[in-house]
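Following: one structure in structure tokens, then a few remarks.
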Amino acid sequence: MNIVLVGMPGCGKSTVGVVLAKTTGHAFLDTDLLIQKREGMLLQEIIDYKGLEYFMGAEEAVLCGLDCADTVVATGGSAVYSEAAMARLKELGAVVYLSLTLENAEKRLVDFNSRGIAGARDKTFAEIYAERAPLYEKYADFIVDCNDIDLAACMDKVHRHLELAVL
């Protein structure tokens, strides 16, 4: 079974994903890195030089083209903007939303303007959060509250949800 992690930038998708892969014996895949490899640029460079619409199309193409098994997939925070991409991710496995409050997400995100966050040039982080949070909830099979807990506690919560799903 694949495990797909979604959530705001800074929620820990990549960090949790790597540890989750190690503890489950799964492979790990970071879709932001796949986009960068495909485009030969950093995410922020894609947005700056090719535009947000191009970036969103590249992200959708990468996500819709995923073909993996027994893999933990860490998505970019903007994956939820594409219905086609989310449909593909849900076909691949369980979608786990790593949830944070706006306040905690802002505390964790130190590189907002250079991180390659879709929409960051035109909107505040709070506006992006307000836009995305309902989408993460819509597509999630499981919501894991990652507020005020460390990595180990987050991992325990994710494992509990996945164990219940398999039973």
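Every chain in the structure tokens takes a letter, A first, then B, and so on in the order presented; its residues are numbered from 1, and the ligands are numbered from 1 following the presented order.
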Counting only C-alpha atoms, which residues of region 58-119 of chain A sit at most 10 Å from some atom of region 126-134 of chain A, and what is each one's closest atom pair with its distance in Å to one decimal, listed by chain and rising residue number, as a Markdown table?
| residue | atom | partner | partner_atom | distance |
| --- | --- | --- | --- | --- |
| A:Gly77 | CA | A:Arg132 | CA | 8.3 |
| A:Ser78 | CA | A:Arg132 | CA | 7.7 |
| A:Ala79 | CA | A:Arg132 | CA | 9.6 |
| A:Val80 | CA | A:Arg132 | CA | 7.2 |
| A:Tyr81 | CA | A:Arg132 | CA | 7.9 |
| A:Tyr97 | CA | A:Ala133 | CA | 9.4 |
| A:Ser99 | CA | A:Ala133 | CA | 8.3 |
| A:Leu100 | CA | A:Ala133 | CA | 9.2 |
| A:Thr101 | CA | A:Tyr129 | CA | 9.0 |
| A:Leu102 | CA | A:Tyr129 | CA | 6.7 |
| A:Glu103 | CA | A:Ala126 | CA | 9.0 |
| A:Ala105 | CA | A:Tyr129 | CA | 8.8 |
| A:Glu106 | CA | A:Ala126 | CA | 8.4 |
| A:Ile117 | CA | A:Ile128 | CA | 9.2 |
| A:Ala118 | CA | A:Ile128 | CA | 8.7 |
| A:Gly119 | CA | A:Ile128 | CA | 7.2 |
Hey, can you spit out that residue selection with all heavy atoms as an mmCIF file, in the first residue's frame?
data_model
loop_
_atom_site.group_PDB
_atom_site.id
_atom_site.type_symbol
_atom_site.label_atom_id
_atom_site.label_comp_id
_atom_site.auth_asym_id
_atom_site.auth_seq_id
_atom_site.Cartn_x
_atom_site.Cartn_y
_atom_site.Cartn_z
ATOM 1 N N GLY A 77 2.701 21.133 -1.329
ATOM 2 C CA GLY A 77 1.501 21.652 -0.681
ATOM 3 C C GLY A 77 0.388 22.026 -1.632
ATOM 4 O O GLY A 77 -0.786 22.022 -1.264
ATOM 5 N N SER A 78 0.738 22.314 -2.881
ATOM 6 C CA SER A 78 -0.272 22.751 -3.854
ATOM 7 C C SER A 78 -0.903 21.604 -4.626
ATOM 8 O O SER A 78 -1.760 21.836 -5.474
ATOM 9 C CB SER A 78 0.341 23.766 -4.827
ATOM 10 O OG SER A 78 1.466 23.220 -5.481
ATOM 11 N N ALA A 79 -0.535 20.372 -4.329
ATOM 12 C CA ALA A 79 -1.093 19.219 -5.043
ATOM 13 C C ALA A 79 -2.614 19.214 -5.027
ATOM 14 O O ALA A 79 -3.258 18.803 -5.990
ATOM 15 C CB ALA A 79 -0.565 17.923 -4.438
ATOM 16 N N VAL A 80 -3.195 19.708 -3.938
ATOM 17 C CA VAL A 80 -4.658 19.656 -3.776
ATOM 18 C C VAL A 80 -5.409 20.593 -4.717
ATOM 19 O O VAL A 80 -6.627 20.518 -4.801
ATOM 20 C CB VAL A 80 -5.087 19.950 -2.326
ATOM 21 C CG1 VAL A 80 -4.671 18.821 -1.405
ATOM 22 C CG2 VAL A 80 -4.553 21.284 -1.845
ATOM 23 N N TYR A 81 -4.709 21.451 -5.426
ATOM 24 C CA TYR A 81 -5.379 22.332 -6.396
ATOM 25 C C TYR A 81 -5.817 21.577 -7.648
ATOM 26 O O TYR A 81 -6.631 22.069 -8.408
ATOM 27 C CB TYR A 81 -4.476 23.492 -6.804
ATOM 28 C CG TYR A 81 -4.281 24.546 -5.739
ATOM 29 C CD1 TYR A 81 -3.015 25.027 -5.455
ATOM 30 C CD2 TYR A 81 -5.357 25.063 -5.031
ATOM 31 C CE1 TYR A 81 -2.819 26.004 -4.496
ATOM 32 C CE2 TYR A 81 -5.170 26.034 -4.067
ATOM 33 C CZ TYR A 81 -3.905 26.505 -3.797
ATOM 34 O OH TYR A 81 -3.713 27.471 -2.850
ATOM 35 N N TYR A 97 -3.440 13.623 5.729
ATOM 36 C CA TYR A 97 -3.280 15.067 5.869
ATOM 37 C C TYR A 97 -2.576 15.356 7.184
ATOM 38 O O TYR A 97 -3.102 15.072 8.246
ATOM 39 C CB TYR A 97 -4.645 15.741 5.797
ATOM 40 C CG TYR A 97 -4.716 17.208 6.176
ATOM 41 C CD1 TYR A 97 -3.643 18.071 6.037
ATOM 42 C CD2 TYR A 97 -5.909 17.732 6.660
ATOM 43 C CE1 TYR A 97 -3.736 19.407 6.373
ATOM 44 C CE2 TYR A 97 -6.027 19.073 6.999
ATOM 45 C CZ TYR A 97 -4.941 19.906 6.867
ATOM 46 O OH TYR A 97 -5.028 21.236 7.207
ATOM 47 N N SER A 99 -1.969 17.859 9.576
ATOM 48 C CA SER A 99 -2.665 19.104 9.880
ATOM 49 C C SER A 99 -1.949 19.954 10.929
ATOM 50 O O SER A 99 -1.470 19.425 11.932
ATOM 51 C CB SER A 99 -4.077 18.762 10.378
ATOM 52 O OG SER A 99 -4.756 19.908 10.798
ATOM 53 N N LEU A 100 -1.896 21.237 10.652
ATOM 54 C CA LEU A 100 -1.383 22.229 11.595
ATOM 55 C C LEU A 100 -2.336 23.409 11.627
ATOM 56 O O LEU A 100 -2.986 23.704 10.628
ATOM 57 C CB LEU A 100 -0.012 22.757 11.150
ATOM 58 C CG LEU A 100 1.203 21.868 11.219
ATOM 59 C CD1 LEU A 100 2.408 22.567 10.611
ATOM 60 C CD2 LEU A 100 1.499 21.495 12.664
ATOM 61 N N THR A 101 -2.372 24.106 12.749
ATOM 62 C CA THR A 101 -3.082 25.374 12.780
ATOM 63 C C THR A 101 -2.288 26.378 11.951
ATOM 64 O O THR A 101 -1.081 26.179 11.698
ATOM 65 C CB THR A 101 -3.213 25.923 14.212
ATOM 66 O OG1 THR A 101 -1.893 26.187 14.721
ATOM 67 C CG2 THR A 101 -3.963 24.962 15.118
ATOM 68 N N LEU A 102 -2.923 27.454 11.554
ATOM 69 C CA LEU A 102 -2.221 28.510 10.823
ATOM 70 C C LEU A 102 -1.046 29.030 11.635
ATOM 71 O O LEU A 102 0.067 29.188 11.108
ATOM 72 C CB LEU A 102 -3.185 29.657 10.475
ATOM 73 C CG LEU A 102 -2.543 30.898 9.869
ATOM 74 C CD1 LEU A 102 -1.847 30.574 8.552
ATOM 75 C CD2 LEU A 102 -3.597 31.990 9.670
ATOM 76 N N GLU A 103 -1.258 29.255 12.916
ATOM 77 C CA GLU A 103 -0.205 29.791 13.775
ATOM 78 C C GLU A 103 1.020 28.873 13.790
ATOM 79 O O GLU A 103 2.155 29.322 13.634
ATOM 80 C CB GLU A 103 -0.742 29.986 15.196
ATOM 81 C CG GLU A 103 0.301 30.510 16.165
ATOM 82 C CD GLU A 103 -0.212 30.629 17.590
ATOM 83 O OE1 GLU A 103 -1.281 30.052 17.914
ATOM 84 O OE2 GLU A 103 0.466 31.292 18.379
ATOM 85 N N ALA A 105 1.785 26.512 11.564
ATOM 86 C CA ALA A 105 2.352 26.438 10.217
ATOM 87 C C ALA A 105 3.251 27.640 9.958
ATOM 88 O O ALA A 105 4.345 27.500 9.396
ATOM 89 C CB ALA A 105 1.235 26.360 9.181
ATOM 90 N N GLU A 106 2.823 28.818 10.367
ATOM 91 C CA GLU A 106 3.634 30.030 10.177
ATOM 92 C C GLU A 106 4.928 29.952 10.980
ATOM 93 O O GLU A 106 5.984 30.381 10.500
ATOM 94 C CB GLU A 106 2.839 31.273 10.579
ATOM 95 C CG GLU A 106 1.777 31.642 9.581
ATOM 96 C CD GLU A 106 0.953 32.843 9.987
ATOM 97 O OE1 GLU A 106 0.670 33.023 11.194
ATOM 98 O OE2 GLU A 106 0.572 33.610 9.086
ATOM 99 N N ILE A 117 6.434 28.176 -3.099
ATOM 100 C CA ILE A 117 5.052 27.944 -2.692
ATOM 101 C C ILE A 117 4.134 28.563 -3.732
ATOM 102 O O ILE A 117 4.179 29.761 -3.982
ATOM 103 C CB ILE A 117 4.774 28.539 -1.299
ATOM 104 C CG1 ILE A 117 5.686 27.873 -0.266
ATOM 105 C CG2 ILE A 117 3.304 28.390 -0.928
ATOM 106 C CD1 ILE A 117 5.637 28.499 1.096
ATOM 107 N N ALA A 118 3.297 27.727 -4.333
ATOM 108 C CA ALA A 118 2.375 28.192 -5.365
ATOM 109 C C ALA A 118 1.448 29.259 -4.795
ATOM 110 O O ALA A 118 0.775 29.031 -3.801
ATOM 111 C CB ALA A 118 1.568 27.033 -5.928
ATOM 112 N N GLY A 119 1.450 30.423 -5.413
ATOM 113 C CA GLY A 119 0.581 31.516 -5.008
ATOM 114 C C GLY A 119 1.198 32.483 -4.027
ATOM 115 O O GLY A 119 0.582 33.487 -3.679
#
Write down as a short mmCIF file (atom, residue, chain, number, x, y, z; two decimals) with N, CA and C atoms, in the first residue's frame the residues of region 23-73 of chain A whose backbone DSSP state falls under alpha helix (DSSP H).
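Heads up, here's the output in states00.cif:
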data_model
loop_
_atom_site.label_atom_id
_atom_site.label_comp_id
_atom_site.auth_asym_id
_atom_site.auth_seq_id
_atom_site.Cartn_x
_atom_site.Cartn_y
_atom_site.Cartn_z
N THR A 23 10.39 3.15 8.75
CA THR A 23 9.73 2.32 9.75
C THR A 23 8.72 1.35 9.16
N THR A 24 8.35 1.54 7.90
CA THR A 24 7.40 0.63 7.25
C THR A 24 8.05 -0.24 6.19
N THR A 31 7.59 14.44 -4.35
CA THR A 31 7.17 14.88 -5.69
C THR A 31 7.74 16.25 -6.05
N ASP A 32 8.07 17.08 -5.07
CA ASP A 32 8.73 18.36 -5.38
C ASP A 32 10.07 18.10 -6.06
N LEU A 33 10.79 17.09 -5.58
CA LEU A 33 12.07 16.76 -6.20
C LEU A 33 11.90 16.21 -7.61
N LEU A 34 10.82 15.45 -7.84
CA LEU A 34 10.54 14.97 -9.20
C LEU A 34 10.26 16.13 -10.15
N ILE A 35 9.52 17.12 -9.67
CA ILE A 35 9.22 18.30 -10.50
C ILE A 35 10.52 19.03 -10.83
N GLN A 36 11.36 19.23 -9.82
CA GLN A 36 12.63 19.92 -10.03
C GLN A 36 13.51 19.17 -11.03
N LYS A 37 13.55 17.86 -10.91
CA LYS A 37 14.36 17.06 -11.83
C LYS A 37 13.82 17.17 -13.25
N ARG A 38 12.52 17.05 -13.40
CA ARG A 38 11.88 17.13 -14.72
C ARG A 38 12.15 18.47 -15.39
N GLU A 39 12.06 19.54 -14.60
CA GLU A 39 12.19 20.90 -15.14
C GLU A 39 13.62 21.43 -15.14
N LEU A 43 11.94 24.77 -7.51
CA LEU A 43 10.52 25.12 -7.59
C LEU A 43 10.31 26.62 -7.74
N GLN A 44 11.02 27.41 -6.92
CA GLN A 44 10.85 28.86 -6.99
C GLN A 44 11.30 29.41 -8.35
N GLU A 45 12.33 28.82 -8.93
CA GLU A 45 12.78 29.25 -10.26
C GLU A 45 11.72 28.93 -11.32
N ILE A 46 11.08 27.78 -11.21
CA ILE A 46 10.02 27.44 -12.17
C ILE A 46 8.92 28.49 -12.10
N ILE A 47 8.51 28.83 -10.88
CA ILE A 47 7.45 29.82 -10.70
C ILE A 47 7.91 31.19 -11.21
N ASP A 48 9.14 31.58 -10.87
CA ASP A 48 9.66 32.90 -11.26
C ASP A 48 9.85 33.04 -12.77
N TYR A 49 10.38 32.01 -13.42
CA TYR A 49 10.75 32.13 -14.83
C TYR A 49 9.71 31.60 -15.81
N LYS A 50 8.91 30.64 -15.36
CA LYS A 50 7.92 30.06 -16.27
C LYS A 50 6.49 30.38 -15.88
N LEU A 52 3.31 30.67 -12.61
CA LEU A 52 2.55 29.79 -11.71
C LEU A 52 1.72 28.79 -12.49
N GLU A 53 1.10 29.20 -13.56
CA GLU A 53 0.27 28.28 -14.35
C GLU A 53 1.12 27.14 -14.90
N TYR A 54 2.31 27.45 -15.40
CA TYR A 54 3.20 26.42 -15.92
C TYR A 54 3.59 25.46 -14.79
N PHE A 55 3.95 26.02 -13.64
CA PHE A 55 4.33 25.19 -12.49
C PHE A 55 3.20 24.23 -12.12
N MET A 56 1.98 24.76 -12.05
CA MET A 56 0.83 23.93 -11.66
C MET A 56 0.62 22.80 -12.69
N GLY A 57 0.82 23.10 -13.96
CA GLY A 57 0.71 22.07 -14.99
C GLY A 57 1.79 21.01 -14.85
N ALA A 58 3.00 21.45 -14.54
CA ALA A 58 4.11 20.50 -14.36
C ALA A 58 3.86 19.62 -13.14
N GLU A 59 3.36 20.22 -12.08
CA GLU A 59 3.06 19.44 -10.88
C GLU A 59 1.96 18.41 -11.17
N GLU A 60 0.92 18.84 -11.85
CA GLU A 60 -0.17 17.92 -12.18
C GLU A 60 0.33 16.76 -13.06
N ALA A 61 1.18 17.07 -14.03
CA ALA A 61 1.71 16.03 -14.91
C ALA A 61 2.52 15.01 -14.12
N VAL A 62 3.35 15.48 -13.21
CA VAL A 62 4.17 14.57 -12.39
C VAL A 62 3.27 13.71 -11.52
N LEU A 63 2.30 14.32 -10.85
CA LEU A 63 1.44 13.57 -9.95
C LEU A 63 0.56 12.57 -10.70
N CYS A 64 0.01 12.98 -11.81
CA CYS A 64 -0.85 12.07 -12.58
C CYS A 64 -0.05 10.93 -13.20
#
- Query: Near region 158-161 of chain A, counting only C-alpha atoms, which residues have an atom at most 9 Å away, once you skip same-chain residues fewer than 6 positions from it, shown as a PyMOL selection string?
  - Reply: chain A and resi 20+96+98+142-144
Atoms to include: C-alpha atoms. Write the selected residues as a tab-separated table (two decimals), in the first residue's frame.
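Full text of again.tsv as output:
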chain	number	residue	atom	x	y	z
A	20	LEU	CA	7.72	6.63	7.84
A	96	VAL	CA	-2.85	11.37	5.08
A	98	LEU	CA	-0.64	16.33	8.31
A	142	PHE	CA	-6.94	10.35	7.54
A	143	ILE	CA	-6.21	13.62	9.32
A	144	VAL	CA	-3.27	13.63	11.70
- Determine which residues of chain A receive a DSSP assignment of strand (DSSP E), computed from the backbone, and state them as an MDAnalysis selection string. chainID A and resid 2:6 27:30 71:74 93:99 142:145
Using N, CA, C and O atoms, can you export the residues from the last selection as a CSV table (one decimal), in the first residue's frame?
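Saved result, out_9.csv, follows:
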chain,number,residue,atom,x,y,z
A,2,ASN,N,0.5,2.2,-0.8
A,2,ASN,CA,1.2,3.5,-0.8
A,2,ASN,C,0.6,4.4,0.3
A,2,ASN,O,-0.6,4.3,0.6
A,3,ILE,N,1.4,5.3,0.8
A,3,ILE,CA,0.9,6.3,1.8
A,3,ILE,C,1.3,7.7,1.2
A,3,ILE,O,2.4,7.9,0.9
A,4,VAL,N,0.3,8.5,1.0
A,4,VAL,CA,0.4,9.8,0.4
A,4,VAL,C,0.3,10.9,1.4
A,4,VAL,O,-0.8,10.9,2.1
A,5,LEU,N,1.3,11.7,1.6
A,5,LEU,CA,1.2,12.8,2.6
A,5,LEU,C,0.9,14.1,2.0
A,5,LEU,O,1.5,14.5,1.0
A,6,VAL,N,-0.1,14.8,2.5
A,6,VAL,CA,-0.5,16.1,2.0
A,6,VAL,C,-0.5,17.1,3.2
A,6,VAL,O,-0.6,16.6,4.4
A,27,ALA,N,9.5,2.5,0.1
A,27,ALA,CA,10.3,3.5,-0.6
A,27,ALA,C,9.8,4.9,-0.2
A,27,ALA,O,8.7,5.0,0.3
A,28,PHE,N,10.6,5.9,-0.5
A,28,PHE,CA,10.2,7.3,-0.3
A,28,PHE,C,10.3,8.1,-1.6
A,28,PHE,O,11.3,7.9,-2.3
A,29,LEU,N,9.3,8.9,-1.8
A,29,LEU,CA,9.3,9.7,-3.0
A,29,LEU,C,8.8,11.1,-2.7
A,29,LEU,O,7.7,11.3,-2.1
A,30,ASP,N,9.6,12.1,-3.0
A,30,ASP,CA,9.2,13.5,-2.8
A,30,ASP,C,8.9,14.1,-4.1
A,30,ASP,O,9.7,14.2,-5.0
A,71,THR,N,5.2,2.7,-1.3
A,71,THR,CA,5.9,3.9,-1.3
A,71,THR,C,5.2,5.0,-0.5
A,71,THR,O,4.0,5.1,-0.5
A,72,VAL,N,6.0,5.7,0.3
A,72,VAL,CA,5.5,6.9,1.0
A,72,VAL,C,5.8,8.1,0.0
A,72,VAL,O,6.9,8.3,-0.4
A,73,VAL,N,4.7,8.8,-0.3
A,73,VAL,CA,4.8,9.9,-1.3
A,73,VAL,C,4.5,11.2,-0.5
A,73,VAL,O,3.5,11.4,0.0
A,74,ALA,N,5.6,12.1,-0.5
A,74,ALA,CA,5.4,13.4,0.1
A,74,ALA,C,5.1,14.3,-1.1
A,74,ALA,O,5.9,14.5,-2.0
A,93,GLY,N,-3.2,5.1,-3.1
A,93,GLY,CA,-3.1,4.7,-1.7
A,93,GLY,C,-3.8,5.6,-0.8
A,93,GLY,O,-4.7,6.4,-1.2
A,94,ALA,N,-3.5,5.5,0.5
A,94,ALA,CA,-4.1,6.3,1.6
A,94,ALA,C,-3.6,7.7,1.6
A,94,ALA,O,-2.3,7.9,1.7
A,95,VAL,N,-4.4,8.7,1.6
A,95,VAL,CA,-4.0,10.1,1.7
A,95,VAL,C,-4.1,10.5,3.1
A,95,VAL,O,-5.2,10.5,3.8
A,96,VAL,N,-3.0,10.9,3.7
A,96,VAL,CA,-2.8,11.4,5.1
A,96,VAL,C,-2.5,12.9,5.1
A,96,VAL,O,-1.5,13.3,4.6
A,97,TYR,N,-3.4,13.6,5.7
A,97,TYR,CA,-3.3,15.1,5.9
A,97,TYR,C,-2.6,15.4,7.2
A,97,TYR,O,-3.1,15.1,8.2
A,98,LEU,N,-1.4,15.9,7.1
A,98,LEU,CA,-0.6,16.3,8.3
A,98,LEU,C,-1.1,17.7,8.6
A,98,LEU,O,-0.6,18.7,8.0
A,99,SER,N,-2.0,17.9,9.6
A,99,SER,CA,-2.7,19.1,9.9
A,99,SER,C,-1.9,20.0,10.9
A,99,SER,O,-1.5,19.4,11.9
A,142,PHE,N,-7.2,10.2,6.1
A,142,PHE,CA,-6.9,10.3,7.5
A,142,PHE,C,-6.4,11.7,7.8
A,142,PHE,O,-5.6,12.2,7.0
A,143,ILE,N,-6.8,12.3,8.9
A,143,ILE,CA,-6.2,13.6,9.3
A,143,ILE,C,-5.4,13.4,10.6
A,143,ILE,O,-5.9,12.8,11.6
A,144,VAL,N,-4.1,13.8,10.5
A,144,VAL,CA,-3.3,13.6,11.7
A,144,VAL,C,-2.9,15.0,12.2
A,144,VAL,O,-2.3,15.8,11.5
A,145,ASP,N,-3.4,15.3,13.4
A,145,ASP,CA,-3.1,16.6,14.0
A,145,ASP,C,-1.7,16.6,14.5
A,145,ASP,O,-1.3,15.9,15.4
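Our summary of the geometry notes that CA of His26 (chain A) is positioned 23.1 Å from CA of Tyr136 (chain A).
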